[in-house]
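Visitor: So here's structure04.tsv (TSV, C-alpha atoms).
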```tsv
chain	number	residue	atom	x	y	z
A	1	MET	CA	242.38	217.98	248.09
A	2	LEU	CA	240.75	221.19	246.84
A	3	GLY	CA	241.81	220.31	243.30
A	4	VAL	CA	239.99	216.99	243.52
A	5	ILE	CA	236.86	218.70	244.80
A	6	ALA	CA	237.01	221.36	242.07
A	7	LYS	CA	237.36	218.67	239.40
A	8	GLN	CA	234.40	216.75	240.76
A	9	LEU	CA	232.30	219.90	240.97
A	10	LYS	CA	232.98	220.67	237.33
A	11	SER	CA	231.70	217.23	236.31
A	12	HIS	CA	228.76	217.27	238.78
A	13	PRO	CA	227.71	220.90	239.14
A	14	ALA	CA	224.58	219.88	241.01
A	15	LEU	CA	226.76	219.37	244.07
A	16	ILE	CA	227.47	223.10	244.43
A	17	PRO	CA	224.30	223.97	246.44
A	18	LEU	CA	225.23	221.13	248.82
A	19	PHE	CA	228.56	222.76	249.54
A	20	VAL	CA	226.92	226.15	249.92
A	21	PHE	CA	224.37	225.06	252.47
A	22	ILE	CA	226.64	222.75	254.44
A	23	GLY	CA	229.33	225.41	254.48
A	24	GLY	CA	226.87	228.07	255.57
A	25	GLY	CA	225.59	225.88	258.39
A	26	ALA	CA	229.10	225.14	259.59
A	27	ILE	CA	230.02	228.82	259.55
A	28	MET	CA	226.91	229.76	261.52
A	29	SER	CA	227.57	227.09	264.17
A	30	ILE	CA	231.18	228.11	264.60
A	31	ALA	CA	230.23	231.78	264.77
A	32	TYR	CA	227.64	231.17	267.50
A	33	LEU	CA	229.96	228.96	269.50
A	34	SER	CA	232.73	231.53	269.39
A	35	ARG	CA	230.27	234.29	270.38
A	36	LEU	CA	229.31	232.18	273.37
A	37	ALA	CA	232.91	231.42	274.28
A	38	LEU	CA	234.22	234.98	273.94
A	39	ARG	CA	231.28	237.32	274.64
A	40	ASN	CA	229.04	235.47	277.06
A	41	PRO	CA	229.24	237.20	280.45
A	42	ASP	CA	228.86	233.90	282.26
A	43	VAL	CA	232.17	232.66	280.84
A	44	SER	CA	235.29	233.51	282.80
A	45	TRP	CA	238.59	232.78	281.08
A	46	ASP	CA	240.81	234.52	283.63
A	47	ARG	CA	239.72	233.73	287.15
A	48	LYS	CA	242.44	235.80	288.77
A	49	ASN	CA	241.97	239.12	286.99
A	50	ASN	CA	238.34	238.90	285.89
A	51	PRO	CA	236.54	236.61	288.32
A	52	GLU	CA	232.96	237.81	287.77
A	53	PRO	CA	232.65	239.00	284.18
A	54	TRP	CA	228.89	239.53	284.40
A	55	ASN	CA	229.53	242.41	286.79
A	56	ASN	CA	231.36	244.26	284.03
A	57	MET	CA	228.14	244.74	282.10
A	58	LYS	CA	226.36	248.07	282.07
A	59	PRO	CA	222.82	248.02	283.50
A	60	ASP	CA	221.31	248.70	280.07
A	61	GLN	CA	223.56	246.42	278.03
A	62	GLN	CA	221.80	243.78	275.96
A	63	TYR	CA	223.45	240.43	275.37
A	64	LYS	CA	220.55	238.45	273.93
A	65	LEU	CA	220.10	238.57	270.17
A	66	PHE	CA	216.36	239.15	270.24
A	67	THR	CA	214.27	240.59	273.02
A	68	VAL	CA	210.54	240.98	273.12
A	69	ASN	CA	208.82	243.47	275.43
A	70	MET	CA	211.99	244.64	277.15
A	71	ASP	CA	213.13	248.23	276.72
A	72	TYR	CA	216.78	248.14	277.70
A	73	SER	CA	217.30	251.87	277.33
A	74	LYS	CA	215.27	252.63	280.45
A	75	LEU	CA	217.18	250.40	282.84
A	76	LYS	CA	219.34	251.84	285.60
A	77	LYS	CA	221.57	250.42	288.30
A	78	GLU	CA	219.37	249.33	291.14
A	79	GLY	CA	221.47	248.50	294.16
A	80	PRO	CA	223.48	250.96	296.23
A	81	ASP	CA	227.19	251.42	295.69
A	82	PHE	CA	229.63	250.20	298.31
B	1	MET	CA	198.85	246.58	303.72
B	2	SER	CA	198.28	250.24	304.52
B	3	GLY	CA	197.99	249.69	308.25
B	4	GLN	CA	201.25	247.78	308.56
B	5	SER	CA	204.45	249.50	309.49
B	6	ILE	CA	207.47	248.46	307.53
B	7	SER	CA	208.84	246.28	310.32
B	8	GLN	CA	205.74	244.04	310.18
B	9	HIS	CA	205.79	243.63	306.42
B	10	PRO	CA	206.14	239.89	305.66
B	11	LEU	CA	209.12	240.43	303.42
B	12	ARG	CA	210.94	242.76	305.76
B	13	VAL	CA	213.99	241.15	307.27
B	14	ASP	CA	214.42	241.95	310.94
B	15	THR	CA	217.97	241.09	311.67
B	16	LYS	CA	218.17	243.86	314.23
B	17	GLU	CA	214.46	244.71	314.83
B	18	ARG	CA	215.12	248.17	313.49
B	19	ILE	CA	213.01	250.56	311.50
B	20	LEU	CA	214.87	252.41	308.80
B	21	PRO	CA	215.81	255.91	309.94
B	22	GLU	CA	213.64	258.61	308.50
B	23	PRO	CA	215.38	261.22	306.39
B	24	THR	CA	215.95	264.13	308.74
B	25	GLU	CA	218.12	267.18	308.48
B	26	ASP	CA	220.22	266.12	311.43
B	27	THR	CA	222.49	263.73	309.59
B	28	SER	CA	225.22	263.65	312.20
B	29	ARG	CA	223.19	260.91	313.93
B	30	ASN	CA	223.23	258.63	310.90
B	31	LEU	CA	226.81	259.16	309.81
B	32	PRO	CA	228.76	259.34	313.03
B	33	ARG	CA	232.41	259.68	312.20
B	34	LEU	CA	232.50	261.55	308.95
B	35	ALA	CA	233.90	264.81	310.17
B	36	ALA	CA	236.97	264.22	308.08
B	37	VAL	CA	234.94	263.53	304.92
B	38	SER	CA	234.20	266.45	302.64
B	39	LEU	CA	230.75	267.98	302.50
B	40	ASN	CA	230.13	266.92	298.90
B	41	VAL	CA	230.85	263.28	299.63
B	42	ARG	CA	228.66	263.44	302.69
B	43	LEU	CA	225.77	264.95	300.72
B	44	LYS	CA	226.15	262.29	298.06
B	45	LEU	CA	226.01	259.55	300.69
B	46	ILE	CA	222.93	261.07	302.30
B	47	LYS	CA	221.19	261.37	298.93
B	48	MET	CA	222.08	257.81	298.00
B	49	ALA	CA	220.80	256.51	301.33
B	50	ASP	CA	217.52	258.42	300.89
B	51	THR	CA	216.83	257.16	297.36
B	52	VAL	CA	217.68	253.60	298.35
B	53	GLU	CA	215.42	253.95	301.38
B	54	THR	CA	212.48	255.05	299.24
B	55	LYS	CA	213.22	252.23	296.84
B	56	ILE	CA	213.21	249.75	299.71
B	57	GLN	CA	209.93	251.15	301.02
B	58	ASN	CA	208.32	250.83	297.59
B	59	TYR	CA	209.78	247.38	297.01
B	60	ARG	CA	207.53	244.82	295.30
B	61	THR	CA	209.82	242.24	293.79
B	62	ALA	CA	213.28	241.82	292.33
B	63	PRO	CA	213.61	244.06	289.25
B	64	PHE	CA	214.92	242.91	285.91
B	65	ASP	CA	218.70	242.62	285.92
B	66	ALA	CA	220.41	242.90	282.55
B	67	ARG	CA	223.28	240.72	283.78
B	68	PHE	CA	220.90	237.76	284.09
B	69	PRO	CA	218.42	237.93	281.22
B	70	ASN	CA	217.59	234.23	280.93
B	71	THR	CA	215.17	232.00	282.74
B	72	ASN	CA	217.82	230.55	285.06
B	73	GLN	CA	218.14	233.11	287.88
B	74	THR	CA	220.45	231.06	290.09
B	75	ARG	CA	223.35	233.40	289.57
B	76	ASN	CA	221.14	236.41	290.24
B	77	CYS	CA	220.22	234.97	293.65
B	78	TYR	CA	223.81	234.12	294.50
B	79	GLN	CA	225.17	237.46	293.33
B	80	ASN	CA	222.72	239.43	295.45
B	81	TYR	CA	223.50	237.27	298.46
B	82	LEU	CA	227.22	237.95	297.97
B	83	ASP	CA	226.55	241.66	297.36
B	84	PHE	CA	224.58	241.95	300.59
B	85	HIS	CA	227.40	240.51	302.65
B	86	ARG	CA	230.07	242.45	300.78
B	87	CYS	CA	228.05	245.66	301.20
B	88	THR	CA	227.60	245.22	304.94
B	89	LYS	CA	231.26	244.35	305.32
B	90	ALA	CA	232.42	247.35	303.26
B	91	LEU	CA	230.07	249.90	304.81
B	92	SER	CA	230.69	248.79	308.37
B	93	ALA	CA	234.42	248.89	307.73
B	94	LYS	CA	233.97	252.51	306.65
B	95	ASP	CA	231.71	253.19	309.67
B	96	GLN	CA	228.77	254.16	307.53
B	97	ASP	CA	225.13	253.29	307.96
B	98	VAL	CA	224.48	249.76	306.73
B	99	ALA	CA	220.80	250.36	305.85
B	100	PRO	CA	221.27	250.74	302.05
B	101	CYS	CA	222.50	247.14	301.91
B	102	ASP	CA	218.96	246.03	302.76
B	103	TRP	CA	218.14	246.41	299.06
B	104	TYR	CA	220.31	243.41	298.25
B	105	GLN	CA	218.79	241.47	301.09
B	106	ARG	CA	215.26	242.10	299.82
B	107	VAL	CA	216.26	240.99	296.32
B	108	TYR	CA	217.91	237.77	297.37
B	109	LYS	CA	215.08	236.92	299.72
B	110	SER	CA	212.73	237.30	296.76
B	111	LEU	CA	214.82	235.13	294.47
B	112	CYS	CA	216.57	232.47	296.52
B	113	PRO	CA	215.04	229.29	297.90
B	114	THR	CA	215.00	229.53	301.69
B	115	SER	CA	216.87	226.25	302.06
B	116	TRP	CA	219.80	227.72	300.14
B	117	VAL	CA	219.78	230.88	302.24
B	118	GLY	CA	219.70	228.83	305.42
B	119	ARG	CA	222.54	226.63	304.25
B	120	TRP	CA	224.70	229.59	303.23
B	121	ASP	CA	224.00	231.39	306.51
B	122	ASP	CA	225.09	228.30	308.42
B	123	GLN	CA	228.21	228.05	306.32
B	124	ILE	CA	229.08	231.68	306.96
B	125	GLU	CA	228.65	231.19	310.68
B	126	GLY	CA	230.75	228.05	310.56
B	127	GLY	CA	233.39	229.68	308.38
B	128	SER	CA	233.00	227.24	305.48
B	129	PHE	CA	231.26	229.51	302.97
B	130	ALA	CA	232.84	229.10	299.55
B	131	GLY	CA	232.10	232.53	298.12
B	132	LYS	CA	234.41	235.51	298.25
B	133	ILE	CA	233.04	238.11	300.68
```
Could you take the file, read its structure, and then write that structure out as structure tokens?

Guide:
Amino acid sequence: MLGVIAKQLKSHPALIPLFVFIGGGAIMSIAYLSRLALRNPDVSWDRKNNPEPWNNMKPDQQYKLFTVNMDYSKLKKEGPDF
Amino acid sequence: MSGQSISQHPLRVDTKERILPEPTEDTSRNLPRLAAVSLNVRLKLIKMADTVETKIQNYRTAPFDARFPNTNQTRNCYQNYLDFHRCTKALSAKDQDVAPCDWYQRVYKSLCPTSWVGRWDDQIEGGSFAGKI
């Protein structure tokens, strides 16, 4: 399969940018989906041992990729301990 | 706003028609059965109750919570509702003053629709509440 593709690329080298961009897009989608599946605090894989994974976050921990006008370093835990 | 006492504040929840105790030096009144608890732990509890009390008195609205950074704050509302009930259950089981839990009550009353709060309160009374408290 890869041999066929390599042979076709040698005869039509203009197809190489197509592979680059499609491949890059696929890698970015898969990377974002796996970040959501594994790192998102709303996702709970193990309901018995880790039922509320968002409560494991520190009060100044940032999950979003980009934030505007939010200084996470100054945040503290608000509610009382119990 | 300046003439109102805290019990008449529109956001203040009067489940027991009680004004928060003022920080005094006689703490044996607030923490009745802590003779067996060490002095350091007692001081820490008193300090925590005082800071939470000042925070409750200066309360304006629910602060930003890093656990819920997006527009959908449903989980924030539900988590504070659960935390309020868990806090009252835990502190009353330890025979401590339940007043610091009012912070969670103020936050969920700011965030949650009143119909949800009413429905959950009815479910708790009826024993059919689905959350873990």

Visitor: Specify as a PDB file with C-alpha atoms, keeping the file's coordinate frame all residues of chain B found within 12 Å of chain A, counting all atoms listed in the file.

Guide:
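The resulting file, result.pdb, is reproduced below:
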```pdb
ATOM      1  CA  LYS B  44     226.150 262.290 298.060  1.00  0.00           C
ATOM      2  CA  LEU B  45     226.010 259.550 300.690  1.00  0.00           C
ATOM      3  CA  ILE B  46     222.930 261.070 302.300  1.00  0.00           C
ATOM      4  CA  LYS B  47     221.190 261.370 298.930  1.00  0.00           C
ATOM      5  CA  MET B  48     222.080 257.810 298.000  1.00  0.00           C
ATOM      6  CA  ALA B  49     220.800 256.510 301.330  1.00  0.00           C
ATOM      7  CA  ASP B  50     217.520 258.420 300.890  1.00  0.00           C
ATOM      8  CA  THR B  51     216.830 257.160 297.360  1.00  0.00           C
ATOM      9  CA  VAL B  52     217.680 253.600 298.350  1.00  0.00           C
ATOM     10  CA  GLU B  53     215.420 253.950 301.380  1.00  0.00           C
ATOM     11  CA  LYS B  55     213.220 252.230 296.840  1.00  0.00           C
ATOM     12  CA  ILE B  56     213.210 249.750 299.710  1.00  0.00           C
ATOM     13  CA  TYR B  59     209.780 247.380 297.010  1.00  0.00           C
ATOM     14  CA  ALA B  62     213.280 241.820 292.330  1.00  0.00           C
ATOM     15  CA  PRO B  63     213.610 244.060 289.250  1.00  0.00           C
ATOM     16  CA  PHE B  64     214.920 242.910 285.910  1.00  0.00           C
ATOM     17  CA  ASP B  65     218.700 242.620 285.920  1.00  0.00           C
ATOM     18  CA  ALA B  66     220.410 242.900 282.550  1.00  0.00           C
ATOM     19  CA  ARG B  67     223.280 240.720 283.780  1.00  0.00           C
ATOM     20  CA  PHE B  68     220.900 237.760 284.090  1.00  0.00           C
ATOM     21  CA  PRO B  69     218.420 237.930 281.220  1.00  0.00           C
ATOM     22  CA  ASN B  70     217.590 234.230 280.930  1.00  0.00           C
ATOM     23  CA  ASN B  72     217.820 230.550 285.060  1.00  0.00           C
ATOM     24  CA  THR B  74     220.450 231.060 290.090  1.00  0.00           C
ATOM     25  CA  ARG B  75     223.350 233.400 289.570  1.00  0.00           C
ATOM     26  CA  ASN B  76     221.140 236.410 290.240  1.00  0.00           C
ATOM     27  CA  TYR B  78     223.810 234.120 294.500  1.00  0.00           C
ATOM     28  CA  GLN B  79     225.170 237.460 293.330  1.00  0.00           C
ATOM     29  CA  ASN B  80     222.720 239.430 295.450  1.00  0.00           C
ATOM     30  CA  LEU B  82     227.220 237.950 297.970  1.00  0.00           C
ATOM     31  CA  ASP B  83     226.550 241.660 297.360  1.00  0.00           C
ATOM     32  CA  PHE B  84     224.580 241.950 300.590  1.00  0.00           C
ATOM     33  CA  HIS B  85     227.400 240.510 302.650  1.00  0.00           C
ATOM     34  CA  ARG B  86     230.070 242.450 300.780  1.00  0.00           C
ATOM     35  CA  CYS B  87     228.050 245.660 301.200  1.00  0.00           C
ATOM     36  CA  THR B  88     227.600 245.220 304.940  1.00  0.00           C
ATOM     37  CA  LYS B  89     231.260 244.350 305.320  1.00  0.00           C
ATOM     38  CA  ALA B  90     232.420 247.350 303.260  1.00  0.00           C
ATOM     39  CA  LEU B  91     230.070 249.900 304.810  1.00  0.00           C
ATOM     40  CA  SER B  92     230.690 248.790 308.370  1.00  0.00           C
ATOM     41  CA  ALA B  93     234.420 248.890 307.730  1.00  0.00           C
ATOM     42  CA  LYS B  94     233.970 252.510 306.650  1.00  0.00           C
ATOM     43  CA  ASP B  95     231.710 253.190 309.670  1.00  0.00           C
ATOM     44  CA  GLN B  96     228.770 254.160 307.530  1.00  0.00           C
ATOM     45  CA  ASP B  97     225.130 253.290 307.960  1.00  0.00           C
ATOM     46  CA  VAL B  98     224.480 249.760 306.730  1.00  0.00           C
ATOM     47  CA  ALA B  99     220.800 250.360 305.850  1.00  0.00           C
ATOM     48  CA  PRO B 100     221.270 250.740 302.050  1.00  0.00           C
ATOM     49  CA  CYS B 101     222.500 247.140 301.910  1.00  0.00           C
ATOM     50  CA  ASP B 102     218.960 246.030 302.760  1.00  0.00           C
ATOM     51  CA  TRP B 103     218.140 246.410 299.060  1.00  0.00           C
ATOM     52  CA  TYR B 104     220.310 243.410 298.250  1.00  0.00           C
ATOM     53  CA  GLN B 105     218.790 241.470 301.090  1.00  0.00           C
ATOM     54  CA  ARG B 106     215.260 242.100 299.820  1.00  0.00           C
ATOM     55  CA  VAL B 107     216.260 240.990 296.320  1.00  0.00           C
ATOM     56  CA  TYR B 108     217.910 237.770 297.370  1.00  0.00           C
ATOM     57  CA  GLY B 131     232.100 232.530 298.120  1.00  0.00           C
ATOM     58  CA  LYS B 132     234.410 235.510 298.250  1.00  0.00           C
TER      59      LYS B 132
END
```

Visitor: Quick one: distance from CA of Val4 in chain A to CA of Ile22 in chain A in Å, one decimal?

Guide: 18.2 Å

Visitor: Distance CA of Pro17 in chain A-CA of Tyr32 in chain A, one decimal place?

Guide: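 Computing it gives 22.5 Å between the two atoms.
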